[in-house]
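Engineer: Data file upload.pdb (PDB, C-alpha atoms) is appended below.
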```pdb
ATOM      1  CA  MET A 155     -11.624   3.562 -32.970
ATOM      2  CA  THR A 156     -13.053   5.813 -30.257
ATOM      3  CA  PRO A 157     -10.647   6.166 -27.346
ATOM      4  CA  THR A 158     -11.790   4.694 -24.041
ATOM      5  CA  PRO A 159     -12.110   7.004 -21.006
ATOM      6  CA  ASN A 160      -8.817   5.799 -19.542
ATOM      7  CA  GLU A 161      -7.078   6.418 -22.870
ATOM      8  CA  ILE A 162      -8.470   9.958 -22.966
ATOM      9  CA  ILE A 163      -7.118  10.621 -19.485
ATOM     10  CA  GLU A 164      -3.701   9.136 -20.190
ATOM     11  CA  ALA A 165      -3.315  11.080 -23.453
ATOM     12  CA  ALA A 166      -4.436  14.306 -21.736
ATOM     13  CA  ARG A 167      -2.000  13.734 -18.851
ATOM     14  CA  VAL A 168       0.889  13.461 -21.297
ATOM     15  CA  GLN A 169      -0.312  16.485 -23.264
ATOM     16  CA  ALA A 170      -0.578  18.561 -20.080
ATOM     17  CA  GLY A 171       3.000  17.611 -19.190
ATOM     18  CA  MET A 172       1.942  16.085 -15.859
ATOM     19  CA  THR A 173       3.909  13.286 -14.273
ATOM     20  CA  PHE A 174       1.960  10.354 -12.907
ATOM     21  CA  ASP A 175       2.726  11.491  -9.334
ATOM     22  CA  GLU A 176       1.458  14.983 -10.069
ATOM     23  CA  LEU A 177      -1.783  13.616 -11.474
ATOM     24  CA  TRP A 178      -2.327  11.351  -8.490
ATOM     25  CA  LEU A 179      -1.681  14.201  -6.029
ATOM     26  CA  ALA A 180      -4.037  16.546  -7.907
ATOM     27  CA  TYR A 181      -6.648  13.783  -8.037
ATOM     28  CA  VAL A 182      -6.396  13.150  -4.298
ATOM     29  CA  GLY A 183      -6.607  16.902  -3.701
ATOM     30  CA  LEU A 184      -9.916  16.972  -5.565
ATOM     31  CA  GLY A 185     -11.329  14.123  -3.509
ATOM     32  CA  GLY A 186     -10.148  11.102  -5.534
ATOM     33  CA  SER A 187      -9.712   7.985  -3.456
ATOM     34  CA  VAL A 188      -7.930   5.181  -5.269
ATOM     35  CA  ALA A 189      -4.343   4.224  -4.475
ATOM     36  CA  PRO A 190      -1.524   5.116  -6.884
ATOM     37  CA  ASP A 191      -1.115   1.539  -8.156
ATOM     38  CA  VAL A 192      -4.836   1.261  -8.970
ATOM     39  CA  LEU A 193      -4.727   4.568 -10.822
ATOM     40  CA  ARG A 194      -1.667   3.397 -12.711
ATOM     41  CA  ALA A 195      -3.475   0.206 -13.699
ATOM     42  CA  TYR A 196      -6.504   2.241 -14.805
ATOM     43  CA  LEU A 197      -4.374   4.493 -17.015
ATOM     44  CA  GLY A 198      -2.705   1.435 -18.499
ATOM     45  CA  GLY A 199      -6.107  -0.077 -19.251
ATOM     46  CA  SER A 200      -5.605  -3.133 -17.058
ATOM     47  CA  THR A 201      -8.430  -2.519 -14.589
ATOM     48  CA  ALA A 202     -12.095  -1.703 -14.909
ATOM     49  CA  GLN A 203     -12.266  -0.405 -11.356
ATOM     50  CA  LEU A 204     -14.157   2.870 -11.070
ATOM     51  CA  VAL A 205     -11.726   5.587 -10.187
ATOM     52  CA  GLY A 206     -13.819   8.738 -10.754
ATOM     53  CA  TYR A 207     -13.313   9.758 -14.367
ATOM     54  CA  ASP A 208     -14.516  13.334 -13.871
ATOM     55  CA  VAL A 209     -12.168  13.887 -10.936
ATOM     56  CA  LEU A 210      -9.242  12.850 -13.151
ATOM     57  CA  ALA A 211     -10.475  14.996 -16.046
ATOM     58  CA  LEU A 212     -10.779  17.982 -13.712
ATOM     59  CA  ALA A 213      -7.316  17.360 -12.223
ATOM     60  CA  ILE A 214      -5.817  17.610 -15.714
ATOM     61  CA  ASN A 215      -8.078  20.485 -16.789
ATOM     62  CA  GLU A 216      -6.941  22.516 -13.794
ATOM     63  CA  ARG A 217      -3.372  22.067 -15.008
ATOM     64  CA  PHE A 218      -4.452  23.382 -18.389
ATOM     65  CA  VAL A 219      -6.122  26.338 -16.641
ATOM     66  CA  ASP A 220      -2.780  27.031 -14.890
ATOM     67  CA  GLN A 221      -1.184  27.103 -18.330
ATOM     68  CA  GLY A 222      -3.717  29.668 -19.516
ATOM     69  CA  GLY A 223      -6.028  27.151 -21.171
ATOM     70  CA  ASP A 224      -9.615  26.102 -20.678
ATOM     71  CA  HIS A 225     -11.083  22.683 -19.864
ATOM     72  CA  PRO A 226     -10.058  20.676 -22.965
ATOM     73  CA  VAL A 227     -10.539  17.237 -21.406
ATOM     74  CA  PRO A 228     -14.187  16.232 -21.847
ATOM     75  CA  TYR A 229     -16.257  15.278 -18.781
ATOM     76  CA  SER A 230     -18.312  12.129 -18.650
ATOM     77  CA  ASP A 231     -21.548  13.844 -19.712
ATOM     78  CA  ASP A 232     -19.819  14.924 -22.928
ATOM     79  CA  LEU A 233     -18.381  11.546 -23.804
TER
ATOM     80  CA  MET B 169      19.249  22.059  -1.628
ATOM     81  CA  LEU B 170      21.921  20.165   0.250
ATOM     82  CA  ASP B 171      22.138  22.873   2.884
ATOM     83  CA  ASP B 172      21.088  20.616   5.700
ATOM     84  CA  ASP B 173      23.506  21.173   8.595
ATOM     85  CA  ALA B 174      24.010  17.524   9.489
ATOM     86  CA  LEU B 175      24.731  16.519   5.928
ATOM     87  CA  ASP B 176      27.007  19.494   5.487
ATOM     88  CA  GLY B 177      28.971  18.373   8.542
ATOM     89  CA  LEU B 178      29.315  14.828   7.202
ATOM     90  CA  LEU B 179      30.432  15.942   3.761
ATOM     91  CA  GLN B 180      32.906  18.327   5.350
ATOM     92  CA  ARG B 181      34.349  15.358   7.220
ATOM     93  CA  VAL B 182      34.719  13.519   3.922
ATOM     94  CA  VAL B 183      36.757  16.320   2.342
ATOM     95  CA  VAL B 184      38.897  16.740   5.454
ATOM     96  CA  LEU B 185      39.402  12.979   5.645
ATOM     97  CA  ALA B 186      40.417  12.935   1.988
ATOM     98  CA  LEU B 187      42.890  15.751   2.611
ATOM     99  CA  HIS B 188      44.507  13.788   5.442
ATOM    100  CA  THR B 189      44.451  10.301   3.934
ATOM    101  CA  VAL B 190      45.484  11.141   0.390
ATOM    102  CA  ALA B 191      49.122  12.025   0.952
ATOM    103  CA  THR B 192      49.523  14.042  -2.243
ATOM    104  CA  ALA B 193      46.347  16.120  -1.690
ATOM    105  CA  HIS B 194      46.769  19.866  -1.206
ATOM    106  CA  SER B 195      43.068  20.690  -1.251
ATOM    107  CA  VAL B 196      39.821  18.773  -1.690
ATOM    108  CA  SER B 197      36.285  19.671  -2.756
ATOM    109  CA  ILE B 198      32.970  18.035  -3.573
ATOM    110  CA  THR B 199      30.948  19.101  -6.604
ATOM    111  CA  VAL B 200      27.212  18.356  -6.606
ATOM    112  CA  VAL B 201      24.514  18.826  -9.193
ATOM    113  CA  ASP B 202      22.080  21.198  -7.537
ATOM    114  CA  ASN B 203      18.859  21.890  -9.465
ATOM    115  CA  GLY B 204      20.639  21.081 -12.702
ATOM    116  CA  ARG B 205      23.592  23.363 -11.885
ATOM    117  CA  TYR B 206      27.042  22.499 -10.631
ATOM    118  CA  ARG B 207      28.014  23.721  -7.219
ATOM    119  CA  THR B 208      30.825  23.133  -4.739
ATOM    120  CA  CYS B 209      29.106  22.073  -1.528
ATOM    121  CA  ASN B 210      32.238  21.495   0.549
ATOM    122  CA  ALA B 211      35.929  22.311   0.254
ATOM    123  CA  THR B 212      39.028  22.336   2.439
ATOM    124  CA  ALA B 213      40.453  25.525   0.909
ATOM    125  CA  ASP B 214      39.491  28.505  -1.219
ATOM    126  CA  GLU B 215      41.868  27.391  -3.965
ATOM    127  CA  ALA B 216      39.686  24.297  -4.580
ATOM    128  CA  VAL B 217      36.559  26.489  -4.791
ATOM    129  CA  ALA B 218      38.302  28.822  -7.245
ATOM    130  CA  ILE B 219      39.417  25.961  -9.509
ATOM    131  CA  ASP B 220      35.949  24.372  -9.307
ATOM    132  CA  ASP B 221      34.330  27.696 -10.231
ATOM    133  CA  ALA B 222      36.610  28.086 -13.257
ATOM    134  CA  GLN B 223      35.295  24.730 -14.466
ATOM    135  CA  TYR B 224      31.604  25.539 -13.851
ATOM    136  CA  GLU B 225      32.061  28.860 -15.622
ATOM    137  CA  ARG B 226      33.292  27.229 -18.830
ATOM    138  CA  ASP B 227      31.265  24.053 -18.295
ATOM    139  CA  GLU B 228      34.410  21.949 -18.728
ATOM    140  CA  GLY B 229      37.326  20.498 -16.808
ATOM    141  CA  PRO B 230      38.417  17.247 -15.146
ATOM    142  CA  CYS B 231      35.806  17.342 -12.339
ATOM    143  CA  LEU B 232      32.885  17.895 -14.694
ATOM    144  CA  HIS B 233      34.308  15.249 -17.009
ATOM    145  CA  ALA B 234      34.376  12.735 -14.136
ATOM    146  CA  LEU B 235      30.848  13.721 -13.145
ATOM    147  CA  ARG B 236      29.440  13.403 -16.650
ATOM    148  CA  THR B 237      31.155  10.170 -17.608
ATOM    149  CA  ALA B 238      30.922   8.597 -14.124
ATOM    150  CA  VAL B 239      34.552   7.545 -14.604
ATOM    151  CA  GLN B 240      37.441   8.567 -12.354
ATOM    152  CA  VAL B 241      39.677  11.162 -14.005
ATOM    153  CA  GLN B 242      43.373  11.681 -13.268
ATOM    154  CA  ILE B 243      45.208  14.422 -15.114
ATOM    155  CA  THR B 244      48.189  16.729 -14.908
ATOM    156  CA  VAL B 245      47.401  20.378 -15.519
ATOM    157  CA  GLU B 246      50.285  20.693 -17.966
ATOM    158  CA  ALA B 247      48.796  18.048 -20.228
ATOM    159  CA  GLU B 248      45.360  19.701 -20.348
ATOM    160  CA  MET B 249      46.340  23.262 -21.261
ATOM    161  CA  ALA B 250      44.859  22.948 -24.727
ATOM    162  CA  ARG B 251      41.778  20.908 -23.814
ATOM    163  CA  TRP B 252      40.633  22.927 -20.767
ATOM    164  CA  PRO B 253      42.528  26.254 -20.899
ATOM    165  CA  VAL B 254      40.447  28.239 -18.368
ATOM    166  CA  PHE B 255      40.611  25.475 -15.805
ATOM    167  CA  ALA B 256      44.350  24.941 -16.424
ATOM    168  CA  GLU B 257      45.101  28.653 -16.116
ATOM    169  CA  LYS B 258      43.282  28.892 -12.776
ATOM    170  CA  ALA B 259      44.905  25.689 -11.480
ATOM    171  CA  ARG B 260      48.365  27.003 -12.355
ATOM    172  CA  GLU B 261      47.599  30.317 -10.700
ATOM    173  CA  MET B 262      46.769  28.355  -7.530
ATOM    174  CA  GLY B 263      49.917  26.252  -7.835
ATOM    175  CA  ILE B 264      47.999  23.058  -8.592
ATOM    176  CA  ALA B 265      49.688  20.599 -10.977
ATOM    177  CA  SER B 266      47.595  17.392 -10.741
ATOM    178  CA  VAL B 267      43.918  16.594 -10.286
ATOM    179  CA  LEU B 268      42.186  13.383  -9.286
ATOM    180  CA  SER B 269      38.417  13.550  -9.605
ATOM    181  CA  THR B 270      36.277  10.647  -8.441
ATOM    182  CA  PRO B 271      32.618  10.500  -9.524
ATOM    183  CA  LEU B 272      29.992   9.969  -6.810
ATOM    184  CA  VAL B 273      28.035   7.146  -8.358
ATOM    185  CA  MET B 274      24.571   6.129  -7.156
ATOM    186  CA  ASN B 275      23.392   4.003 -10.054
ATOM    187  CA  PRO B 276      25.912   2.433 -12.438
ATOM    188  CA  GLY B 277      26.970   4.945 -15.066
ATOM    189  CA  GLU B 278      25.258   7.855 -13.338
ATOM    190  CA  ALA B 279      27.151  10.312 -11.123
ATOM    191  CA  ILE B 280      25.457  12.741  -8.724
ATOM    192  CA  GLY B 281      28.632  14.604  -7.832
ATOM    193  CA  ALA B 282      32.413  14.398  -7.768
ATOM    194  CA  LEU B 283      35.149  14.279  -5.127
ATOM    195  CA  ASN B 284      37.961  16.488  -6.390
ATOM    196  CA  ILE B 285      41.513  16.190  -5.111
ATOM    197  CA  TYR B 286      44.016  18.877  -6.093
ATOM    198  CA  ALA B 287      47.777  18.303  -5.733
ATOM    199  CA  ARG B 288      50.850  20.486  -6.182
ATOM    200  CA  ASP B 289      53.013  17.616  -7.389
ATOM    201  CA  ASP B 290      53.002  17.281 -11.169
ATOM    202  CA  GLY B 291      53.706  13.569 -11.033
ATOM    203  CA  GLY B 292      50.070  12.486 -10.690
ATOM    204  CA  PHE B 293      48.767  10.229  -7.918
ATOM    205  CA  PRO B 294      50.187   6.948  -6.594
ATOM    206  CA  GLU B 295      47.992   3.854  -6.776
ATOM    207  CA  HIS B 296      47.052   3.832  -3.067
ATOM    208  CA  ASP B 297      45.884   7.463  -3.253
ATOM    209  CA  ILE B 298      43.626   6.531  -6.143
ATOM    210  CA  ARG B 299      42.208   3.611  -4.142
ATOM    211  CA  THR B 300      41.608   5.829  -1.099
ATOM    212  CA  ALA B 301      39.833   8.389  -3.252
ATOM    213  CA  THR B 302      37.662   5.632  -4.737
ATOM    214  CA  VAL B 303      36.563   4.423  -1.294
ATOM    215  CA  LEU B 304      35.885   7.965  -0.055
ATOM    216  CA  GLY B 305      33.949   8.650  -3.240
ATOM    217  CA  GLU B 306      31.723   5.660  -2.537
ATOM    218  CA  HIS B 307      30.939   6.969   0.949
ATOM    219  CA  ALA B 308      30.303  10.480  -0.254
ATOM    220  CA  ALA B 309      27.953   9.117  -2.942
ATOM    221  CA  ILE B 310      25.820   7.446  -0.270
ATOM    222  CA  LEU B 311      25.655  10.667   1.746
ATOM    223  CA  VAL B 312      24.771  12.856  -1.211
ATOM    224  CA  GLY B 313      22.336  10.266  -2.556
ATOM    225  CA  ASN B 314      20.489  10.028   0.755
ATOM    226  CA  ALA B 315      20.318  13.787   0.969
ATOM    227  CA  LEU B 316      18.768  13.979  -2.486
ATOM    228  CA  ALA B 317      16.230  11.291  -1.569
ATOM    229  CA  LEU B 318      15.387  13.125   1.659
ATOM    230  CA  ILE B 319      14.861  16.385  -0.202
ATOM    231  CA  GLY B 320      12.631  14.553  -2.687
ATOM    232  CA  ALA B 321      10.572  13.047   0.133
ATOM    233  CA  THR B 322      10.244  16.402   1.907
ATOM    234  CA  HIS B 323       9.011  17.942  -1.305
ATOM    235  CA  LEU B 324       6.476  15.148  -1.757
ATOM    236  CA  ASN B 325       5.278  15.566   1.839
ATOM    237  CA  GLU B 326       4.624  19.229   1.204
ATOM    238  CA  GLN B 327       2.685  18.427  -1.970
ATOM    239  CA  LEU B 328       0.677  15.817  -0.100
ATOM    240  CA  ARG B 329      -0.113  18.303   2.652
ATOM    241  CA  VAL B 330      -1.407  20.768   0.047
ATOM    242  CA  ALA B 331      -3.478  18.012  -1.590
ATOM    243  CA  LEU B 332      -5.022  16.953   1.721
ATOM    244  CA  ALA B 333      -5.905  20.534   2.663
ATOM    245  CA  SER B 334      -7.613  20.947  -0.716
ATOM    246  CA  ARG B 335      -9.417  17.641  -0.290
ATOM    247  CA  GLU B 336     -10.727  18.678   3.107
ATOM    248  CA  ILE B 337     -12.178  21.993   1.971
ATOM    249  CA  ILE B 338     -13.743  20.372  -1.109
ATOM    250  CA  GLY B 339     -15.250  17.706   1.161
ATOM    251  CA  GLU B 340     -16.818  20.386   3.341
ATOM    252  CA  ALA B 341     -18.216  22.199   0.310
ATOM    253  CA  LYS B 342     -19.704  18.958  -1.004
ATOM    254  CA  GLY B 343     -21.327  18.395   2.379
ATOM    255  CA  ILE B 344     -22.962  21.836   2.272
ATOM    256  CA  ILE B 345     -24.274  21.244  -1.260
ATOM    257  CA  MET B 346     -25.568  17.759  -0.386
ATOM    258  CA  GLU B 347     -27.546  19.220   2.491
ATOM    259  CA  ARG B 348     -28.929  22.134   0.480
ATOM    260  CA  GLN B 349     -29.789  20.239  -2.681
ATOM    261  CA  SER B 350     -30.618  16.897  -1.067
ATOM    262  CA  CYS B 351     -28.215  15.283  -3.511
ATOM    263  CA  THR B 352     -25.523  12.632  -3.472
ATOM    264  CA  ARG B 353     -21.825  13.234  -2.984
ATOM    265  CA  ASP B 354     -21.139  12.645  -6.696
ATOM    266  CA  GLU B 355     -23.868  15.075  -7.698
ATOM    267  CA  ALA B 356     -22.443  17.665  -5.321
ATOM    268  CA  PHE B 357     -19.050  17.210  -6.981
ATOM    269  CA  ASP B 358     -20.668  17.656 -10.417
ATOM    270  CA  ILE B 359     -22.288  20.933  -9.307
ATOM    271  CA  LEU B 360     -18.931  22.263  -8.154
ATOM    272  CA  ARG B 361     -17.156  20.910 -11.232
ATOM    273  CA  ARG B 362     -19.613  22.605 -13.617
ATOM    274  CA  ALA B 363     -19.261  25.908 -11.751
ATOM    275  CA  SER B 364     -15.485  25.536 -11.993
ATOM    276  CA  GLN B 365     -15.716  24.988 -15.741
ATOM    277  CA  ARG B 366     -18.200  27.823 -16.253
ATOM    278  CA  GLU B 367     -16.126  30.322 -14.296
ATOM    279  CA  ASN B 368     -12.802  28.815 -15.359
ATOM    280  CA  ARG B 369     -11.681  28.754 -11.740
ATOM    281  CA  LYS B 370     -10.154  26.115  -9.513
ATOM    282  CA  LEU B 371     -12.617  23.831  -7.767
ATOM    283  CA  ARG B 372     -10.707  24.318  -4.553
ATOM    284  CA  ASP B 373     -11.135  28.110  -4.715
ATOM    285  CA  LEU B 374     -14.881  27.810  -5.317
ATOM    286  CA  ALA B 375     -15.161  25.330  -2.446
ATOM    287  CA  GLU B 376     -13.262  27.625  -0.134
ATOM    288  CA  GLU B 377     -15.515  30.563  -1.024
ATOM    289  CA  LEU B 378     -18.632  28.548  -0.339
ATOM    290  CA  VAL B 379     -17.382  27.252   3.005
ATOM    291  CA  THR B 380     -16.230  30.725   4.088
ATOM    292  CA  ARG B 381     -19.589  32.233   3.121
ATOM    293  CA  VAL B 382     -21.553  29.627   5.039
ATOM    294  CA  GLU B 383     -19.308  29.963   8.073
ATOM    295  CA  ALA B 384     -19.688  33.750   8.080
ATOM    296  CA  ARG B 385     -23.458  33.478   7.863
ATOM    297  CA  ARG B 386     -23.567  31.007  10.763
ATOM    298  CA  ARG B 387     -21.399  33.316  12.849
ATOM    299  CA  ASP B 388     -23.700  36.249  12.114
ATOM    300  CA  THR B 389     -26.867  34.274  12.842
ATOM    301  CA  PRO B 390     -27.397  33.588  16.535
ATOM    302  CA  PRO B 391     -28.457  29.996  17.312
ATOM    303  CA  GLY B 392     -32.192  29.396  17.198
ATOM    304  CA  LYS B 393     -32.920  32.054  14.574
TER
END
```
In C-alpha cells, write the structure found in this file.

Structural biologist:
Amino acid sequence: MTPTPNEIIEAARVQAGMTFDELWLAYVGLGGSVAPDVLRAYLGGSTAQLVGYDVLALAINERFVDQGGDHPVPYSDDL
Amino acid sequence: MLDDDALDGLLQRVVVLALHTVATAHSVSITVVDNGRYRTCNATADEAVAIDDAQYERDEGPCLHALRTAVQVQITVEAEMARWPVFAEKAREMGIASVLSTPLVMNPGEAIGALNIYARDDGGFPEHDIRTATVLGEHAAILVGNALALIGATHLNEQLRVALASREIIGEAKGIIMERQSCTRDEAFDILRRASQRENRKLRDLAEELVTRVEARRRDTPPGK
C-alpha cells in the first residue's frame, strides 16, 4: 500500500531523529501555522485538515541537510 | 544548569537545615543529575563534596544507589568496604562511618537527585533522623524539579524565539516574491523551497539574502527614481 502524505512525514520525522516538538518548532519557523495538537493529529492520521505538507517535508529535509544529507523527503509535486 | 542564584540559595538552606535537624549529621550534600552527569550542587562541608566525588568517579556508592533505585539507602561504611571500596576508603579518610541517602523523587520510581547525610557515628541513624531526611528530601525534590522545569521552559522559549525570527524573515521574502512574480503566498513558498533544494541551503538563509539584497537596493535608490 502506498503511504499517505502524513505517514511519509511521520516516518521521515522518526528517521531524522526529530522529536515532535522539534518538528513543530521547525515547521513554525518555516511559516507553518497549525497548532501542535492539530499537527499531532495529522501525523497520527486522525485529521484531514490541511497543514502544509511541503512545509513539513522541508522542516525535516533541513534536519537531514544539517546531518550532511540532501532532501530525501519528497515534496508534493513528486508524490 | 541549576546555577540559578535563588534556587542555589534555597537548596543551600535545605542542606543547612538537614545538618541542624538531623542530630547525627556531620555533613550534608545534594547530588543532582546535570546533563546526564552527577554533580554536587550544594554541600555544608568539603568532606561531603570529596565523598560525593569519589562516588561519581567510580559511578558507584550509596548516594548513586539511592538516586538510581529511588529508594532511601542507609549504610555503615564498614559494611560496604567490599561493595564500594573507593567510596568507603574516602569516607574513612574523612572520618565518616554512616551514610543516609534520600532520593529526590518527582515521579514515583524516578529520582532526580539525592540528599546525602554523612555521620561520624558508626551506629547508623535513629528512626526520627530517617523521617526528617525523608521530609527534607521531599522538599528538595520539589525545588530541584521546578528548577529543571524552568530550565526546560527557558530552553523552549529560546527555540521559539529563533523559530519566530526565521518565520518573519521568510514571510518578508515571500512578500517580495509575491509582488515580483504576481503569485500567491504558497507559490512564493514553492519558489523559495525549490531554490533551497537546488542549492541545498536553508530556506531561512535564502530568504535572508533576498531581503537584505532588496533592502540594500532600496537604500541605494533615492525615492522617486

Engineer: Based on all atoms listed in the file, which of the residues in chain B come within 8 Å of chain A? I want them as a ChimeraX atom specification.

Structural biologist: /B:327-328,330-335,338-339,361,365,368-372

Engineer: So that I can check the surroundings of stretch 350-360 of chain B, please list as a VMD selection string every protein, DNA and RNA residue that reaches within 8 Å of it, counting all atoms listed in the file and ignoring chain neighbours fewer than 6 positions away.

Structural biologist: chain B and resid 342 to 343 371 374 to 375

Engineer: Since we have the selection now, will you write its residues out, keeping C-alpha atoms, as a PDB file, in the coordinates of the input?

Structural biologist:
```
ATOM      1  CA  LYS B 342     -19.704  18.958  -1.004  1.00  0.00           C
ATOM      2  CA  GLY B 343     -21.327  18.395   2.379  1.00  0.00           C
ATOM      3  CA  LEU B 371     -12.617  23.831  -7.767  1.00  0.00           C
ATOM      4  CA  LEU B 374     -14.881  27.810  -5.317  1.00  0.00           C
ATOM      5  CA  ALA B 375     -15.161  25.330  -2.446  1.00  0.00           C
TER       6      ALA B 375
END
```

Engineer: Spell out the residues picked by the PyMOL selection byres ((chain A and resi 198-200) around 8) here, as a count of residues only.

Structural biologist: 9

Engineer: Between atom CA of B:Ala222 and atom CA of B:Val182, what is the distance in Å, rounded to a tenth?

Structural biologist: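 Between atom CA of B:Ala222 and atom CA of B:Val182 the gap works out to 22.6 Å.
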
Engineer: Figure out the distance between atom CA of B:Thr208 and atom CA of B:Asp221, please, to one decimal in Å.

Structural biologist: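 Atom CA of B:Thr208 lies at a distance of 8.0 Å from atom CA of B:Asp221.
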
Engineer: Residue by residue, what does the PyMOL selection byres ((chain B and resi 274-291) around 7) grab here? Present the result as a PyMOL selection string.

Structural biologist: chain B and resi 192-201+231+234-236+238+244+263-273+292-293+305+309+313

Engineer: Residues at most 9 Å from B:Val190, counting only C-alpha atoms, excluding those fewer than 6 positions away in the same chain, as an MDAnalysis selection string?

Structural biologist: chainID B and resid 285 293 296:298 300:301

Engineer: Quick check, in Å to one decimal: how far apart do atom CA of B:Leu304 and atom CA of B:Leu185 lie?

Structural biologist: 8.4 Å

Engineer: Kindly resolve the PyMOL selection byres ((chain B and resi 229) around 9) on the present coordinates and return the residues as number ranges by chain.

Structural biologist: B: 220, 222-224, 226-228, 230-234, 248, 251-256

Engineer: Write the selection just made, keeping C-alpha atoms, as a compact mmCIF listing (two decimals), in the coordinates of the input?

Structural biologist:
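Output below, filename part-v4.txt:
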```txt
# COMPACT_ATOMS: atom_id res chain seq x y z
CA ASP B 220 35.95 24.37 -9.31
CA ALA B 222 36.61 28.09 -13.26
CA GLN B 223 35.30 24.73 -14.47
CA TYR B 224 31.60 25.54 -13.85
CA ARG B 226 33.29 27.23 -18.83
CA ASP B 227 31.26 24.05 -18.30
CA GLU B 228 34.41 21.95 -18.73
CA PRO B 230 38.42 17.25 -15.15
CA CYS B 231 35.81 17.34 -12.34
CA LEU B 232 32.88 17.90 -14.69
CA HIS B 233 34.31 15.25 -17.01
CA ALA B 234 34.38 12.74 -14.14
CA GLU B 248 45.36 19.70 -20.35
CA ARG B 251 41.78 20.91 -23.81
CA TRP B 252 40.63 22.93 -20.77
CA PRO B 253 42.53 26.25 -20.90
CA VAL B 254 40.45 28.24 -18.37
CA PHE B 255 40.61 25.48 -15.80
CA ALA B 256 44.35 24.94 -16.42
```

Engineer: Counting all atoms listed in the file, which of A:Val227, A:Ile162, A:Val205, A:Val168 gets nearest to A:Leu193?

Structural biologist: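 Between A:Val227, A:Ile162, A:Val205, A:Val168, the residue approaching A:Leu193 most closely is A:Val205.
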
Engineer: Need to verify the contact set: B:Leu178, 12 Å, all atoms listed in the file, exclusion of same-chain residues closer than 3 positions in sequence. Can you return it as a list in words?

Structural biologist: Leu170, Asp171, Asp172, Asp173, Ala174, Leu175, Arg181, Val182, Val183, Val184, Leu185, Ile198, Cys209, Asn210, Leu304, His307, Ala308, Ala309, Ile310, Leu311, Val312, Asn314 and Ala315 of chain B

Engineer: Using only C-alpha atoms, can you tell me which of A:Phe218, A:Gln203, A:Pro159, A:Pro190 comes closest to A:Gly171?

Structural biologist: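 Closest candidate: A:Phe218.
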